[in-house]
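Listing of run-v2.cif; format and content: mmCIF, C-alpha atoms; chains and numbers go by the auth columns.
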```cif
data_structure
#
loop_
_atom_site.group_PDB
_atom_site.id
_atom_site.type_symbol
_atom_site.label_atom_id
_atom_site.label_comp_id
_atom_site.label_asym_id
_atom_site.label_seq_id
_atom_site.Cartn_x
_atom_site.Cartn_y
_atom_site.Cartn_z
_atom_site.B_iso_or_equiv
_atom_site.auth_seq_id
_atom_site.auth_asym_id
ATOM 1 C CA MET A 1 -12.759 -3.324 0.689 0.00 1046 A
ATOM 2 C CA GLY A 2 -10.019 -1.108 2.137 0.00 1047 A
ATOM 3 C CA TRP A 3 -6.802 -1.502 4.121 0.00 1048 A
ATOM 4 C CA PRO A 4 -6.665 -4.580 4.556 0.00 1049 A
ATOM 5 C CA ASN A 5 -10.127 -5.352 5.906 0.00 1050 A
ATOM 6 C CA GLN A 6 -11.789 -1.941 6.241 0.00 1051 A
ATOM 7 C CA ASN A 7 -11.525 1.607 4.924 0.00 1052 A
ATOM 8 C CA ARG A 8 -9.450 4.099 6.905 0.00 1053 A
ATOM 9 C CA ALA A 9 -9.433 7.863 6.847 0.00 1054 A
ATOM 10 C CA SER A 10 -6.432 9.916 7.906 0.00 1055 A
ATOM 11 C CA PHE A 11 -4.984 13.416 7.640 0.00 1056 A
ATOM 12 C CA ALA A 12 -1.574 14.960 7.054 0.00 1057 A
ATOM 13 C CA ALA A 13 -0.688 18.637 6.658 0.00 1058 A
ATOM 14 C CA GLY A 14 2.441 20.711 6.229 0.00 1059 A
ATOM 15 C CA ALA A 15 3.694 24.245 5.700 0.00 1060 A
ATOM 16 C CA ASP A 16 3.497 23.625 1.933 0.00 1061 A
ATOM 17 C CA SER A 17 2.413 20.865 -0.429 0.00 1062 A
ATOM 18 C CA ILE A 18 5.838 19.180 -0.514 0.00 1063 A
ATOM 19 C CA GLN A 19 6.045 18.958 3.270 0.00 1064 A
ATOM 20 C CA ALA A 20 2.452 17.705 3.453 0.00 1065 A
ATOM 21 C CA LEU A 21 3.229 14.965 0.910 0.00 1066 A
ATOM 22 C CA HIS A 22 6.420 13.966 2.747 0.00 1067 A
ATOM 23 C CA LEU A 23 4.593 13.784 6.089 0.00 1068 A
ATOM 24 C CA ALA A 24 1.745 11.776 4.537 0.00 1069 A
ATOM 25 C CA LEU A 25 4.234 9.241 3.120 0.00 1070 A
ATOM 26 C CA GLN A 26 5.959 8.971 6.508 0.00 1071 A
ATOM 27 C CA LYS A 27 2.603 8.417 8.168 0.00 1072 A
ATOM 28 C CA ILE A 28 1.835 5.582 5.757 0.00 1073 A
ATOM 29 C CA GLY A 29 5.259 4.064 6.461 0.00 1074 A
ATOM 30 C CA MET A 30 4.727 4.155 10.223 0.00 1075 A
ATOM 31 C CA GLU A 31 1.218 2.720 9.952 0.00 1076 A
ATOM 32 C CA LEU A 32 2.594 -0.174 7.909 0.00 1077 A
ATOM 33 C CA TYR A 33 5.411 -0.877 10.366 0.00 1078 A
ATOM 34 C CA VAL A 34 3.221 -0.802 13.486 0.00 1079 A
ATOM 35 C CA SER A 35 0.367 -2.759 11.920 0.00 1080 A
ATOM 36 C CA PRO A 36 -0.437 -6.200 13.284 0.00 1081 A
ATOM 37 C CA TYR A 37 0.044 -7.511 9.733 0.00 1082 A
ATOM 38 C CA HIS A 38 3.697 -6.407 9.694 0.00 1083 A
ATOM 39 C CA LEU A 39 4.310 -7.585 13.251 0.00 1084 A
ATOM 40 C CA SER A 40 2.918 -11.041 12.440 0.00 1085 A
ATOM 41 C CA GLY A 41 4.933 -11.285 9.199 0.00 1086 A
ATOM 42 C CA ASP A 42 1.806 -11.411 7.013 0.00 1087 A
ATOM 43 C CA LEU A 43 2.497 -8.084 5.258 0.00 1088 A
ATOM 44 C CA ARG A 44 4.931 -7.992 2.371 0.00 1089 A
ATOM 45 C CA TRP A 45 5.706 -6.089 -0.807 0.00 1090 A
ATOM 46 C CA GLU A 46 7.720 -7.797 -3.521 0.00 1091 A
ATOM 47 C CA LYS A 47 9.995 -9.888 -1.250 0.00 1092 A
ATOM 48 C CA THR A 48 9.143 -10.928 2.299 0.00 1093 A
ATOM 49 C CA GLY A 49 11.218 -8.988 4.825 0.00 1094 A
ATOM 50 C CA ASP A 50 12.410 -6.386 2.322 0.00 1095 A
ATOM 51 C CA GLY A 51 10.290 -3.463 3.556 0.00 1096 A
ATOM 52 C CA TYR A 52 7.576 -1.422 1.875 0.00 1097 A
ATOM 53 C CA GLY A 53 9.265 1.514 0.143 0.00 1098 A
ATOM 54 C CA PHE A 54 7.811 4.247 2.354 0.00 1099 A
ATOM 55 C CA PRO A 55 9.885 6.662 4.440 0.00 1100 A
ATOM 56 C CA VAL A 56 9.432 6.834 8.213 0.00 1101 A
ATOM 57 C CA PRO A 57 10.324 9.589 10.689 0.00 1102 A
ATOM 58 C CA LYS A 58 13.703 9.380 12.442 0.00 1103 A
ATOM 59 C CA ASN A 59 12.138 7.986 15.615 0.00 1104 A
ATOM 60 C CA GLY A 60 10.778 4.984 13.666 0.00 1105 A
ATOM 61 C CA ARG A 61 13.904 4.017 11.754 0.00 1106 A
ATOM 62 C CA ASP A 62 14.892 1.302 14.215 0.00 1107 A
ATOM 63 C CA MET A 63 11.888 -0.695 12.930 0.00 1108 A
ATOM 64 C CA LEU A 64 13.001 -0.702 9.278 0.00 1109 A
ATOM 65 C CA VAL A 65 13.727 -4.012 7.586 0.00 1110 A
ATOM 66 C CA GLY A 66 15.392 -5.073 4.358 0.00 1111 A
ATOM 67 C CA ALA A 67 15.874 -2.481 1.636 0.00 1112 A
ATOM 68 C CA ASP A 68 14.016 0.143 3.688 0.00 1113 A
ATOM 69 C CA LYS A 69 17.098 0.370 5.938 0.00 1114 A
ATOM 70 C CA SER A 70 19.103 1.848 3.051 0.00 1115 A
ATOM 71 C CA PHE A 71 16.781 4.879 2.965 0.00 1116 A
ATOM 72 C CA ALA A 72 17.467 5.941 6.546 0.00 1117 A
ATOM 73 C CA GLY A 73 18.523 9.399 5.284 0.00 1118 A
#
```

Take the structure in the file and give it back as structure tokens.
Amino acid sequence: MGWPNQNRASFAAGADSIQALHLALQKIGMELYVSPYHLSGDLRWEKTGDGYGFPVPKNGRDMLVGADKSFAG
């Protein structure tokens, strides 16, 4: 079984491999924060309400919770 109840396919690209990796991680972060599982409070990693450890783009930083807020960069 995949995320969290079905497999998902996605795509990220960049000018080089580092940018592509950074954009892919940001995409994961945004998908976690806008998921119904986060919005309902059912999604957690380590401690409830402490975030997920993934970066998000600047326009998504107002959604960050817990320790994720300290990585606003």

TODO: Name the residues that the PyMOL selection byres ((chain A and resi 1112) around 10) picks from the file above, as a list in words, using the file's chain letters and numbers.
DONE: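 The output of the PyMOL selection byres ((chain A and resi 1112) around 10) on this file is Lys1092, Gly1094, Asp1095, Gly1096, Tyr1097, Gly1098, Leu1109, Val1110, Gly1111, Asp1113, Lys1114, Ser1115, Phe1116 and Ala1117 of chain A.
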
TODO: Quote the spacing between CA of Met1075 in chain A and CA of Asn1104 in chain A in Å to one decimal place.
DONE: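 Value for the CA of Met1075 in chain A-CA of Asn1104 in chain A distance: 9.9 Å.
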
- [ ] Would you translate the PyMOL selection byres ((chain A and resi 1056) around 12) into the concrete set of residues it matches in this file, as a VMD selection string?
- [x] chain A and resid 1053 to 1055 1057 to 1059 1065 to 1066 1068 to 1073

Task: Coordinates-based distance that separates CA of Pro1102 in chain A from CA of Ala1060 in chain A (Å, one decimal) - done: 16.8 Å

TODO: Provide the CA of Asn1050 in chain A to CA of Glu1091 in chain A distance in Å, to one decimal place.
DONE: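 Straight-line distance from CA of Asn1050 in chain A to CA of Glu1091 in chain A works out to 20.3 Å.
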
Shell around Asp1087 in chain A at 12 Å using only C-alpha atoms, local window under 6 positions removed, as an mmCIF file with C-alpha atoms, in the frame of the given file:
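Below is the file that was written, around12.cif:
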```cif
data_model
loop_
_atom_site.group_PDB
_atom_site.id
_atom_site.type_symbol
_atom_site.label_atom_id
_atom_site.label_comp_id
_atom_site.auth_asym_id
_atom_site.auth_seq_id
_atom_site.Cartn_x
_atom_site.Cartn_y
_atom_site.Cartn_z
ATOM 1 C CA PRO A 1049 -6.665 -4.580 4.556
ATOM 2 C CA LEU A 1077 2.594 -0.174 7.909
ATOM 3 C CA TYR A 1078 5.411 -0.877 10.366
ATOM 4 C CA SER A 1080 0.367 -2.759 11.920
ATOM 5 C CA PRO A 1081 -0.437 -6.200 13.284
ATOM 6 C CA THR A 1093 9.143 -10.928 2.299
ATOM 7 C CA GLY A 1094 11.218 -8.988 4.825
#
```

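In terms of minimum interatomic distance to Pro1100 in chain A, A:His1067 ranks closest within A:Val1079, A:Leu1088, A:Gln1051, A:His1067, counting only C-alpha atoms.
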
Open item on the list: Just checking: using only C-alpha atoms, which residue out of A:Ile1063, A:Trp1090, A:Tyr1082, A:Glu1076 ends up closest to Gly1105 in chain A?
Closed with: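 Counting only C-alpha atoms, the residue closest to Gly1105 in chain A is A:Glu1076.
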
Since the input has fewer atoms than a full residue there, write range 1096-1107 of chain A out with all heavy atoms, as a JSON list (two decimals), in the coordinates of the input.
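Below is the file rebuild.json, written as the result:
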```
[["chain", "number", "residue", "atom", "x", "y", "z"],
["A", 1096, "GLY", "N", 10.85, -4.79, 3.31],
["A", 1096, "GLY", "CA", 10.29, -3.46, 3.56],
["A", 1096, "GLY", "C", 9.18, -3.12, 2.59],
["A", 1096, "GLY", "O", 8.72, -3.96, 1.81],
["A", 1097, "TYR", "N", 8.76, -1.84, 2.63],
["A", 1097, "TYR", "CA", 7.58, -1.42, 1.88],
["A", 1097, "TYR", "C", 7.80, -0.22, 0.96],
["A", 1097, "TYR", "O", 6.92, 0.17, 0.22],
["A", 1097, "TYR", "CB", 6.44, -1.12, 2.86],
["A", 1097, "TYR", "CG", 6.25, -2.23, 3.86],
["A", 1097, "TYR", "CD1", 6.63, -2.07, 5.19],
["A", 1097, "TYR", "CD2", 5.77, -3.47, 3.46],
["A", 1097, "TYR", "CE1", 6.50, -3.10, 6.09],
["A", 1097, "TYR", "CE2", 5.63, -4.51, 4.35],
["A", 1097, "TYR", "CZ", 6.01, -4.32, 5.67],
["A", 1097, "TYR", "OH", 5.88, -5.35, 6.56],
["A", 1098, "GLY", "N", 8.97, 0.40, 1.04],
["A", 1098, "GLY", "CA", 9.26, 1.51, 0.14],
["A", 1098, "GLY", "C", 8.75, 2.86, 0.60],
["A", 1098, "GLY", "O", 8.79, 3.81, -0.18],
["A", 1099, "PHE", "N", 8.28, 2.97, 1.82],
["A", 1099, "PHE", "CA", 7.81, 4.25, 2.35],
["A", 1099, "PHE", "C", 8.80, 4.78, 3.38],
["A", 1099, "PHE", "O", 9.37, 4.01, 4.15],
["A", 1099, "PHE", "CB", 6.44, 4.10, 3.04],
["A", 1099, "PHE", "CG", 5.31, 3.95, 2.08],
["A", 1099, "PHE", "CD1", 4.90, 2.71, 1.65],
["A", 1099, "PHE", "CD2", 4.64, 5.07, 1.60],
["A", 1099, "PHE", "CE1", 3.86, 2.56, 0.76],
["A", 1099, "PHE", "CE2", 3.59, 4.94, 0.71],
["A", 1099, "PHE", "CZ", 3.20, 3.69, 0.28],
["A", 1100, "PRO", "N", 9.01, 6.10, 3.41],
["A", 1100, "PRO", "CA", 9.88, 6.66, 4.44],
["A", 1100, "PRO", "C", 9.19, 6.63, 5.80],
["A", 1100, "PRO", "O", 7.96, 6.50, 5.87],
["A", 1100, "PRO", "CB", 10.08, 8.11, 3.98],
["A", 1100, "PRO", "CG", 8.83, 8.43, 3.24],
["A", 1100, "PRO", "CD", 8.42, 7.14, 2.56],
["A", 1101, "VAL", "N", 9.97, 6.70, 6.85],
["A", 1101, "VAL", "CA", 9.43, 6.83, 8.21],
["A", 1101, "VAL", "C", 10.19, 7.95, 8.91],
["A", 1101, "VAL", "O", 11.32, 8.27, 8.54],
["A", 1101, "VAL", "CB", 9.54, 5.51, 9.03],
["A", 1101, "VAL", "CG1", 8.73, 4.40, 8.40],
["A", 1101, "VAL", "CG2", 10.98, 5.10, 9.20],
["A", 1102, "PRO", "N", 9.60, 8.56, 9.94],
["A", 1102, "PRO", "CA", 10.32, 9.59, 10.69],
["A", 1102, "PRO", "C", 11.55, 8.99, 11.39],
["A", 1102, "PRO", "O", 11.64, 7.77, 11.58],
["A", 1102, "PRO", "CB", 9.30, 10.08, 11.72],
["A", 1102, "PRO", "CG", 8.00, 9.48, 11.36],
["A", 1102, "PRO", "CD", 8.25, 8.35, 10.43],
["A", 1103, "LYS", "N", 12.47, 9.85, 11.80],
["A", 1103, "LYS", "CA", 13.70, 9.38, 12.44],
["A", 1103, "LYS", "C", 13.43, 8.48, 13.64],
["A", 1103, "LYS", "O", 14.14, 7.52, 13.87],
["A", 1103, "LYS", "CB", 14.56, 10.57, 12.87],
["A", 1103, "LYS", "CG", 15.22, 11.26, 11.71],
["A", 1103, "LYS", "CD", 16.08, 12.41, 12.16],
["A", 1103, "LYS", "CE", 16.68, 13.09, 10.94],
["A", 1103, "LYS", "NZ", 17.53, 14.21, 11.29],
["A", 1104, "ASN", "N", 12.39, 8.79, 14.42],
["A", 1104, "ASN", "CA", 12.14, 7.99, 15.62],
["A", 1104, "ASN", "C", 11.54, 6.61, 15.30],
["A", 1104, "ASN", "O", 11.35, 5.82, 16.21],
["A", 1104, "ASN", "CB", 11.25, 8.74, 16.60],
["A", 1104, "ASN", "CG", 9.86, 9.02, 16.07],
["A", 1104, "ASN", "OD1", 9.58, 8.79, 14.91],
["A", 1104, "ASN", "ND2", 9.00, 9.53, 16.92],
["A", 1105, "GLY", "N", 11.29, 6.29, 14.04],
["A", 1105, "GLY", "CA", 10.78, 4.98, 13.67],
["A", 1105, "GLY", "C", 11.76, 4.16, 12.87],
["A", 1105, "GLY", "O", 11.47, 3.04, 12.47],
["A", 1106, "ARG", "N", 12.95, 4.69, 12.64],
["A", 1106, "ARG", "CA", 13.90, 4.02, 11.75],
["A", 1106, "ARG", "C", 14.49, 2.74, 12.33],
["A", 1106, "ARG", "O", 15.01, 1.91, 11.60],
["A", 1106, "ARG", "CB", 15.00, 4.98, 11.34],
["A", 1106, "ARG", "CG", 14.43, 6.06, 10.44],
["A", 1106, "ARG", "CD", 15.45, 6.95, 9.86],
["A", 1106, "ARG", "NE", 14.77, 7.97, 9.06],
["A", 1106, "ARG", "CZ", 15.23, 9.18, 8.88],
["A", 1106, "ARG", "NH1", 16.38, 9.53, 9.42],
["A", 1106, "ARG", "NH2", 14.56, 10.05, 8.16],
["A", 1107, "ASP", "N", 14.39, 2.55, 13.63],
["A", 1107, "ASP", "CA", 14.89, 1.30, 14.22],
["A", 1107, "ASP", "C", 14.01, 0.12, 13.85],
["A", 1107, "ASP", "O", 14.42, -1.03, 13.99],
["A", 1107, "ASP", "CB", 15.01, 1.43, 15.73],
["A", 1107, "ASP", "CG", 13.69, 1.74, 16.41],
["A", 1107, "ASP", "OD1", 12.88, 2.49, 15.84],
["A", 1107, "ASP", "OD2", 13.46, 1.23, 17.53]]
```
